[in-house]
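To keep things clear, I will list the structure first and then write my remarks on it.
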Amino acid sequence: MENVLRLAVQKSGRLSEDSLKLIKECGVSFSQGVGKLKCEAFNFPLEFLFLRDDDIPQYVSSGIADIGFVGENVLLETGEKTNIIQKLGFSKCRLSLAVSNDFVYENINSLQNKSIATSYPNILRKYLTEKNIQADIHVISGSVEIAPSIGLAEAICDLVSSGSTLLSNGLKEVEVVLKSEAVLIAHPKMNDLKQKTLSELLFRIESVQKAKDNKYILMNVPNYSIDKISKILPVMKSPTIMPLAIEGWSSLHSVVKEDDFWGIINELKLAGAEGILVIPIEKMIF
Ligand code: PRT
Ligand code: ZN
């Protein structure tokens, strides 16, 4: 079918669970089947290809897949030409330079003529060139964090999220080379029907993402405080106000950004709000 989009997702690993969760939250249902490399959605023109994450940019740039979910780190390292359509907000990490705790590090010049182990030679080479640093890059495909302790390299350039891997290997993070998260990439050329399917999928992804950033909030407020409380709430339009059975009180409903909520909670209480409930939103459509 001309309108069926082929989506490349990681078969198993740190990206796969969140990728498939997002697709399900978009209302797309499918049955992956154990060990299957391909499957079709039941209720949306979408076909899945389950791949190693390193192969996803190439599948999308060559057009074998139309779109893919992949980490920016992998996309940049492969250098494949695709369009980044949307940041997805999961698999956040950073590609960082790290050295042993006893390495005297002042600034990037401390790495001049040193050896650095990494699985990201292309991103690292570009970064070092921009900083005018000459270094000996050792390309290794895994367990980069042990390189300094076994004498393979004096520094490493690897992905970090919590930092606990560095900590438990006696390393300290000294420079962030790249900040990364999962992104939706697309083949630069697509027929109109596929483009339409992609627009529909994007609309759903954006609705899910907006909903995640916001919470539905309801509270009881004395009527004389409605104006004051309405001004505290950074609302979508204006809050919904419904009278309570008790005279002089109303129930006020609104939407707040998760990030704003903790900042305004005290103000709401001081203004007389009681029984504040905060509820997750599944989808948000404007
Ligand atoms: O088999 P396949 O090739 O598909 O998977 P993979 O083993 O190459 O990748 P995978 O599943 O480990 O990671 C996929 C993507 O998840 C990466 O390309 C990143 O975009 C993203 N991601 C997010 C991470 C991390 N966080 C992460 N912490 N990828 C790897 N790590 C590793 C890191 O390499 C280091 O070993 O976790 C360790 C550090 O974690 P902290 O929490 O101890 O700092
Ligand atoms: Zn990989």
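We name chains A, B, ... following the order of the structure tokens; residues begin at 1 in each chain, and ligands are numbered from 1 as shown.
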Could the residues that lie within 8 Å of ligand 1, counting only C-alpha atoms and all ligand atoms, be listed as a ChimeraX atom specification?
/A:10-16,51-55,70-74,91-94,142-145,158-167,180-182
Residues of the last selection are to be written out with C-alpha atoms, as a PDB file, in the first residue's frame.
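Writing the result to out36.pdb gives the following:
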ATOM      1  CA  GLN A  10      15.595  -0.686  17.799  1.00  0.00           C
ATOM      2  CA  LYS A  11      14.982  -4.416  18.203  1.00  0.00           C
ATOM      3  CA  SER A  12      16.085  -4.553  21.824  1.00  0.00           C
ATOM      4  CA  GLY A  13      18.005  -2.117  23.964  1.00  0.00           C
ATOM      5  CA  ARG A  14      17.630   1.195  25.711  1.00  0.00           C
ATOM      6  CA  LEU A  15      15.570   2.793  22.941  1.00  0.00           C
ATOM      7  CA  SER A  16      13.160   0.014  22.085  1.00  0.00           C
ATOM      8  CA  LEU A  51      16.905  -3.357  13.807  1.00  0.00           C
ATOM      9  CA  ARG A  52      20.138  -2.615  15.655  1.00  0.00           C
ATOM     10  CA  ASP A  53      20.142   1.080  16.449  1.00  0.00           C
ATOM     11  CA  ASP A  54      23.402   1.643  14.517  1.00  0.00           C
ATOM     12  CA  ASP A  55      21.697   0.515  11.284  1.00  0.00           C
ATOM     13  CA  VAL A  70      17.152   6.723  16.913  1.00  0.00           C
ATOM     14  CA  GLY A  71      19.520   8.511  19.310  1.00  0.00           C
ATOM     15  CA  GLU A  72      21.046  11.752  17.993  1.00  0.00           C
ATOM     16  CA  ASN A  73      24.434  10.339  19.015  1.00  0.00           C
ATOM     17  CA  VAL A  74      24.085   7.413  16.591  1.00  0.00           C
ATOM     18  CA  SER A  91      16.808   8.132  25.990  1.00  0.00           C
ATOM     19  CA  LYS A  92      18.399  11.383  27.106  1.00  0.00           C
ATOM     20  CA  CYS A  93      22.143  11.151  27.634  1.00  0.00           C
ATOM     21  CA  ARG A  94      25.347  13.009  26.906  1.00  0.00           C
ATOM     22  CA  GLY A 142      32.178  -1.544  24.041  1.00  0.00           C
ATOM     23  CA  SER A 143      33.300  -1.369  27.698  1.00  0.00           C
ATOM     24  CA  VAL A 144      35.020   1.927  26.930  1.00  0.00           C
ATOM     25  CA  GLU A 145      35.033   2.840  30.613  1.00  0.00           C
ATOM     26  CA  ASP A 158      31.460   7.732  26.061  1.00  0.00           C
ATOM     27  CA  LEU A 159      27.748   8.081  26.767  1.00  0.00           C
ATOM     28  CA  VAL A 160      26.766   9.091  30.281  1.00  0.00           C
ATOM     29  CA  SER A 161      23.327   9.265  31.839  1.00  0.00           C
ATOM     30  CA  SER A 162      23.378   8.880  35.631  1.00  0.00           C
ATOM     31  CA  GLY A 163      27.181   9.009  35.846  1.00  0.00           C
ATOM     32  CA  SER A 164      27.361   5.859  37.966  1.00  0.00           C
ATOM     33  CA  THR A 165      29.423   3.910  35.394  1.00  0.00           C
ATOM     34  CA  LEU A 166      32.087   6.625  35.443  1.00  0.00           C
ATOM     35  CA  LEU A 167      32.001   6.777  39.233  1.00  0.00           C
ATOM     36  CA  SER A 180      21.510  13.571  22.889  1.00  0.00           C
ATOM     37  CA  GLU A 181      17.969  12.234  22.975  1.00  0.00           C
ATOM     38  CA  ALA A 182      15.872   9.984  20.762  1.00  0.00           C
TER      39      ALA A 182
END
For stretch 98-106 of chain A: contacts at 6 Å, only C-alpha atoms, fewer than 5 positions along chain excluded, given as a ChimeraX atom specification
/A:155-156,170-174
What does the file look like for those residues with N, CA, C and O atoms, as an mmCIF file, in the first residue's frame?
data_model
loop_
_atom_site.group_PDB
_atom_site.id
_atom_site.type_symbol
_atom_site.label_atom_id
_atom_site.label_comp_id
_atom_site.auth_asym_id
_atom_site.auth_seq_id
_atom_site.Cartn_x
_atom_site.Cartn_y
_atom_site.Cartn_z
ATOM 1 N N ALA A 155 42.190 8.809 28.339
ATOM 2 C CA ALA A 155 40.855 9.404 28.516
ATOM 3 C C ALA A 155 39.851 8.577 27.725
ATOM 4 O O ALA A 155 40.241 7.741 26.905
ATOM 5 N N ILE A 156 38.573 8.807 28.004
ATOM 6 C CA ILE A 156 37.542 8.147 27.204
ATOM 7 C C ILE A 156 36.515 9.180 26.739
ATOM 8 O O ILE A 156 36.400 10.260 27.341
ATOM 9 N N GLY A 170 36.216 4.839 38.633
ATOM 10 C CA GLY A 170 37.236 5.808 39.059
ATOM 11 C C GLY A 170 37.500 6.891 38.024
ATOM 12 O O GLY A 170 38.626 7.378 37.896
ATOM 13 N N LEU A 171 36.437 7.288 37.303
ATOM 14 C CA LEU A 171 36.609 8.309 36.254
ATOM 15 C C LEU A 171 35.808 9.562 36.594
ATOM 16 O O LEU A 171 34.808 9.490 37.306
ATOM 17 N N LYS A 172 36.261 10.695 36.053
ATOM 18 C CA LYS A 172 35.488 11.937 36.230
ATOM 19 C C LYS A 172 35.172 12.532 34.866
ATOM 20 O O LYS A 172 36.004 12.509 33.957
ATOM 21 N N GLU A 173 33.952 13.073 34.766
ATOM 22 C CA GLU A 173 33.494 13.673 33.511
ATOM 23 C C GLU A 173 34.101 15.067 33.417
ATOM 24 O O GLU A 173 33.986 15.851 34.353
ATOM 25 N N VAL A 174 34.758 15.380 32.289
ATOM 26 C CA VAL A 174 35.413 16.684 32.212
ATOM 27 C C VAL A 174 34.851 17.600 31.114
ATOM 28 O O VAL A 174 34.966 18.815 31.218
#
Can you tell me, as a CSV table (one decimal) with N, CA and C atoms, in the first residue's frame, what residues are no more than 9 Å from A:Val177 when counting only C-alpha atoms, ignoring any on the same chain fewer than 4 positions away?
chain,number,residue,atom,x,y,z
A,94,ARG,N,24.3,12.1,27.5
A,94,ARG,CA,25.3,13.0,26.9
A,94,ARG,C,26.6,12.2,26.5
A,95,LEU,N,27.2,12.6,25.5
A,95,LEU,CA,28.5,12.0,25.1
A,95,LEU,C,29.6,12.9,25.7
A,96,SER,N,30.4,12.3,26.6
A,96,SER,CA,31.3,13.1,27.4
A,96,SER,C,32.7,12.6,27.4
A,97,LEU,N,33.6,13.5,27.6
A,97,LEU,CA,35.0,13.1,27.8
A,97,LEU,C,35.2,12.9,29.3
A,123,ILE,N,32.3,11.8,15.8
A,123,ILE,CA,31.9,13.0,16.6
A,123,ILE,C,33.1,13.5,17.4
A,124,LEU,N,33.9,12.6,17.9
A,124,LEU,CA,35.0,13.1,18.8
A,124,LEU,C,36.1,13.8,17.9
A,127,TYR,N,34.9,17.3,17.2
A,127,TYR,CA,35.0,18.1,18.4
A,127,TYR,C,36.4,18.6,18.7
A,157,CYS,N,35.8,8.8,25.7
A,157,CYS,CA,34.7,9.6,25.3
A,157,CYS,C,33.5,8.7,25.1
Excluding A:Tyr59 and its own-chain neighbours fewer than 2 positions away, which residues fall within 12 Å of it when counting only C-alpha atoms? Please give them as a short mmCIF file (atom, residue, chain, number, x, y, z; two decimals) with all heavy atoms, in the first residue's frame.
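Result file result.cif:
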data_model
loop_
_atom_site.label_atom_id
_atom_site.label_comp_id
_atom_site.auth_asym_id
_atom_site.auth_seq_id
_atom_site.Cartn_x
_atom_site.Cartn_y
_atom_site.Cartn_z
N ARG A 6 7.04 2.83 6.68
CA ARG A 6 7.90 1.84 7.34
C ARG A 6 8.71 2.53 8.42
O ARG A 6 9.50 3.43 8.13
CB ARG A 6 8.86 1.25 6.33
CG ARG A 6 8.34 0.01 5.69
CD ARG A 6 9.51 -0.64 5.02
NE ARG A 6 9.12 -1.93 4.51
CZ ARG A 6 9.91 -2.66 3.77
NH1 ARG A 6 11.12 -2.24 3.46
NH2 ARG A 6 9.51 -3.83 3.35
N LEU A 7 8.54 2.09 9.65
CA LEU A 7 9.23 2.69 10.79
C LEU A 7 10.32 1.75 11.29
O LEU A 7 10.05 0.59 11.62
CB LEU A 7 8.20 2.94 11.92
CG LEU A 7 8.75 3.25 13.31
CD1 LEU A 7 9.51 4.57 13.33
CD2 LEU A 7 7.62 3.30 14.34
N ALA A 8 11.55 2.25 11.34
CA ALA A 8 12.66 1.45 11.88
C ALA A 8 12.81 1.76 13.37
O ALA A 8 12.95 2.92 13.75
CB ALA A 8 13.95 1.80 11.15
N VAL A 9 12.71 0.72 14.20
CA VAL A 9 12.91 0.89 15.64
C VAL A 9 13.96 -0.11 16.12
O VAL A 9 14.20 -1.13 15.49
CB VAL A 9 11.61 0.69 16.48
CG1 VAL A 9 10.66 1.83 16.35
CG2 VAL A 9 10.93 -0.61 16.13
N GLN A 10 14.58 0.22 17.26
CA GLN A 10 15.59 -0.69 17.80
C GLN A 10 14.93 -1.99 18.24
O GLN A 10 13.89 -1.98 18.89
CB GLN A 10 16.30 -0.03 18.99
CG GLN A 10 17.51 -0.81 19.44
CD GLN A 10 18.09 -0.30 20.75
OE1 GLN A 10 17.38 0.27 21.58
NE2 GLN A 10 19.38 -0.50 20.94
N LEU A 49 10.11 -2.19 11.31
CA LEU A 49 11.31 -2.99 11.07
C LEU A 49 12.11 -2.94 12.37
O LEU A 49 12.40 -1.86 12.88
CB LEU A 49 12.17 -2.38 9.96
CG LEU A 49 11.62 -2.36 8.55
CD1 LEU A 49 12.66 -1.78 7.59
CD2 LEU A 49 11.25 -3.77 8.09
N PHE A 50 12.44 -4.10 12.93
CA PHE A 50 13.19 -4.14 14.19
C PHE A 50 14.67 -4.36 13.87
O PHE A 50 15.04 -5.39 13.31
CB PHE A 50 12.63 -5.23 15.10
CG PHE A 50 11.19 -5.00 15.45
CD1 PHE A 50 10.18 -5.73 14.83
CD2 PHE A 50 10.84 -4.03 16.36
CE1 PHE A 50 8.84 -5.50 15.13
CE2 PHE A 50 9.50 -3.78 16.67
CZ PHE A 50 8.50 -4.52 16.05
N LEU A 51 15.50 -3.37 14.24
CA LEU A 51 16.90 -3.36 13.81
C LEU A 51 17.85 -3.01 14.95
O LEU A 51 17.40 -2.54 16.00
CB LEU A 51 17.10 -2.28 12.73
CG LEU A 51 16.20 -2.32 11.50
CD1 LEU A 51 16.34 -1.02 10.73
CD2 LEU A 51 16.56 -3.51 10.63
N ARG A 52 19.15 -3.18 14.72
CA ARG A 52 20.14 -2.62 15.66
C ARG A 52 20.12 -1.11 15.48
O ARG A 52 19.98 -0.61 14.36
CB ARG A 52 21.53 -3.16 15.34
CG ARG A 52 21.71 -4.59 15.78
CD ARG A 52 23.17 -4.92 15.93
NE ARG A 52 23.80 -4.01 16.88
CZ ARG A 52 25.11 -3.94 17.08
NH1 ARG A 52 25.92 -4.74 16.43
NH2 ARG A 52 25.62 -3.09 17.96
N ASP A 53 20.29 -0.38 16.56
CA ASP A 53 20.14 1.08 16.45
C ASP A 53 21.15 1.69 15.47
O ASP A 53 20.83 2.63 14.75
CB ASP A 53 20.20 1.77 17.82
CG ASP A 53 21.56 1.70 18.48
OD1 ASP A 53 22.39 0.86 18.08
OD2 ASP A 53 21.80 2.51 19.40
N ASP A 54 22.35 1.10 15.40
CA ASP A 54 23.40 1.64 14.52
C ASP A 54 23.00 1.59 13.04
O ASP A 54 23.51 2.35 12.22
CB ASP A 54 24.70 0.84 14.68
CG ASP A 54 25.01 0.58 16.13
OD1 ASP A 54 24.28 -0.24 16.76
OD2 ASP A 54 25.92 1.22 16.66
N ASP A 55 22.09 0.68 12.69
CA ASP A 55 21.70 0.51 11.28
C ASP A 55 20.53 1.42 10.89
O ASP A 55 20.23 1.58 9.70
CB ASP A 55 21.29 -0.95 11.02
CG ASP A 55 22.47 -1.89 11.22
OD1 ASP A 55 23.63 -1.43 11.06
OD2 ASP A 55 22.25 -3.07 11.54
N ILE A 56 19.85 1.99 11.88
CA ILE A 56 18.62 2.74 11.60
C ILE A 56 18.86 3.95 10.67
O ILE A 56 18.15 4.11 9.68
CB ILE A 56 17.89 3.12 12.91
CG1 ILE A 56 17.36 1.82 13.56
CG2 ILE A 56 16.76 4.11 12.67
CD1 ILE A 56 16.75 1.98 14.93
N PRO A 57 19.90 4.80 10.93
CA PRO A 57 20.09 5.94 10.03
C PRO A 57 20.27 5.52 8.57
O PRO A 57 19.70 6.13 7.66
CB PRO A 57 21.36 6.61 10.56
CG PRO A 57 21.39 6.24 12.01
CD PRO A 57 20.85 4.83 12.07
N SER A 61 18.09 6.68 5.47
CA SER A 61 18.67 7.52 4.40
C SER A 61 18.55 6.83 3.05
O SER A 61 18.39 7.49 2.02
CB SER A 61 20.13 7.87 4.71
OG SER A 61 20.94 6.73 4.58
N SER A 62 18.59 5.49 3.04
CA SER A 62 18.49 4.78 1.76
C SER A 62 17.04 4.61 1.32
O SER A 62 16.77 4.20 0.19
CB SER A 62 19.15 3.41 1.88
OG SER A 62 18.41 2.62 2.80
N GLY A 63 16.09 4.87 2.24
CA GLY A 63 14.68 4.78 1.89
C GLY A 63 14.09 3.38 2.08
O GLY A 63 12.93 3.15 1.77
N ILE A 64 14.87 2.44 2.61
CA ILE A 64 14.31 1.10 2.91
C ILE A 64 13.27 1.27 4.03
O ILE A 64 12.21 0.67 4.01
CB ILE A 64 15.42 0.11 3.31
CG1 ILE A 64 16.33 -0.13 2.11
CG2 ILE A 64 14.83 -1.22 3.81
CD1 ILE A 64 17.54 -0.94 2.40
N ALA A 65 13.60 2.12 4.98
CA ALA A 65 12.60 2.56 5.96
C ALA A 65 12.28 4.02 5.65
O ALA A 65 13.15 4.75 5.18
CB ALA A 65 13.12 2.41 7.37
N ASP A 66 11.03 4.43 5.91
CA ASP A 66 10.67 5.82 5.66
C ASP A 66 11.03 6.71 6.84
O ASP A 66 11.44 7.86 6.67
CB ASP A 66 9.16 5.94 5.41
CG ASP A 66 8.72 5.09 4.24
OD1 ASP A 66 9.21 5.34 3.13
OD2 ASP A 66 7.93 4.14 4.46
N ILE A 67 10.83 6.16 8.03
CA ILE A 67 11.11 6.93 9.25
C ILE A 67 11.79 6.01 10.27
O ILE A 67 11.78 4.78 10.12
CB ILE A 67 9.82 7.55 9.87
CG1 ILE A 67 8.78 6.46 10.17
CG2 ILE A 67 9.24 8.60 8.97
CD1 ILE A 67 7.59 6.97 10.97
N GLY A 68 12.39 6.60 11.30
CA GLY A 68 13.04 5.79 12.32
C GLY A 68 13.11 6.53 13.63
O GLY A 68 13.06 7.77 13.65
N PHE A 69 13.22 5.78 14.71
CA PHE A 69 13.48 6.36 16.03
C PHE A 69 14.92 6.00 16.39
O PHE A 69 15.26 4.82 16.48
CB PHE A 69 12.56 5.74 17.10
CG PHE A 69 11.11 6.15 17.02
CD1 PHE A 69 10.17 5.50 17.81
CD2 PHE A 69 10.69 7.17 16.20
CE1 PHE A 69 8.83 5.85 17.78
CE2 PHE A 69 9.34 7.54 16.15
CZ PHE A 69 8.41 6.88 16.94
N VAL A 70 15.74 7.02 16.63
CA VAL A 70 17.15 6.72 16.91
C VAL A 70 17.75 7.83 17.78
O VAL A 70 17.24 8.95 17.80
CB VAL A 70 17.93 6.56 15.57
CG1 VAL A 70 18.13 7.88 14.86
CG2 VAL A 70 19.26 5.85 15.78
N LEU A 75 22.91 8.92 15.10
CA LEU A 75 22.66 9.59 13.82
C LEU A 75 23.88 10.42 13.41
O LEU A 75 24.36 10.33 12.28
CB LEU A 75 21.42 10.49 13.95
CG LEU A 75 21.05 11.27 12.70
CD1 LEU A 75 20.66 10.33 11.57
CD2 LEU A 75 19.91 12.24 12.99
N THR A 78 27.01 8.25 12.44
CA THR A 78 26.96 7.60 11.13
C THR A 78 27.05 8.64 10.00
O THR A 78 27.49 8.31 8.91
CB THR A 78 25.65 6.81 10.92
OG1 THR A 78 24.56 7.72 11.05
CG2 THR A 78 25.50 5.68 11.92
N GLU A 80 24.73 9.84 8.29
CA GLU A 80 23.75 9.59 7.22
C GLU A 80 22.83 10.79 7.05
O GLU A 80 22.48 11.46 8.02
CB GLU A 80 22.91 8.35 7.55
CG GLU A 80 23.69 7.05 7.59
CD GLU A 80 24.10 6.54 6.21
OE1 GLU A 80 23.57 7.03 5.20
OE2 GLU A 80 24.97 5.65 6.17
N LYS A 81 22.43 11.01 5.79
CA LYS A 81 21.57 12.17 5.49
C LYS A 81 20.09 11.79 5.68
O LYS A 81 19.53 11.03 4.90
CB LYS A 81 21.76 12.63 4.04
CG LYS A 81 23.15 13.16 3.76
CD LYS A 81 23.21 14.67 3.95
CE LYS A 81 24.63 15.20 3.88
NZ LYS A 81 25.52 14.75 4.97
N THR A 82 19.50 12.32 6.72
CA THR A 82 18.07 12.14 6.95
C THR A 82 17.55 13.45 7.53
O THR A 82 18.34 14.30 7.94
CB THR A 82 17.79 11.02 8.00
OG1 THR A 82 18.29 11.46 9.27
CG2 THR A 82 18.43 9.70 7.63
N ILE A 185 13.46 10.43 12.76
CA ILE A 185 14.09 10.86 11.51
C ILE A 185 13.28 10.35 10.32
O ILE A 185 12.54 9.36 10.45
CB ILE A 185 15.55 10.35 11.40
CG1 ILE A 185 15.64 8.82 11.55
CG2 ILE A 185 16.44 11.04 12.40
CD1 ILE A 185 17.02 8.25 11.23
N ALA A 186 13.42 11.02 9.20
CA ALA A 186 12.64 10.63 8.01
C ALA A 186 13.50 10.71 6.76
O ALA A 186 14.43 11.52 6.67
CB ALA A 186 11.43 11.54 7.86
N HIS A 187 13.16 9.85 5.81
CA HIS A 187 13.79 9.89 4.49
C HIS A 187 13.41 11.23 3.84
O HIS A 187 12.26 11.66 3.94
CB HIS A 187 13.25 8.71 3.65
CG HIS A 187 13.91 8.59 2.32
ND1 HIS A 187 15.23 8.29 2.18
CD2 HIS A 187 13.42 8.74 1.06
CE1 HIS A 187 15.53 8.26 0.90
NE2 HIS A 187 14.45 8.53 0.20
#
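Counting only C-alpha atoms, the residue from A:Lys228, A:His138, A:Lys196, A:Lys87 that sits nearest to A:Lys114 is A:His138.
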Of A:Ser119, A:Val28, A:Asn113, A:Ile85, the one sitting nearest ligand 2 when using only C-alpha atoms and all ligand atoms is A:Ser119
Contact residues around stretch 260-271 of chain A with only C-alpha atoms at 8 Å, ignoring same-chain residues under 3 positions, as a count of residues only:
8
Rank A:Tyr120, A:Trp249, A:Phe203, A:Phe286 by their smallest atom-to-atom distance to ligand 2, using only C-alpha atoms and all ligand atoms, and report the top residue only.
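Using only C-alpha atoms and all ligand atoms, ligand 2 sits closest to A:Tyr120.
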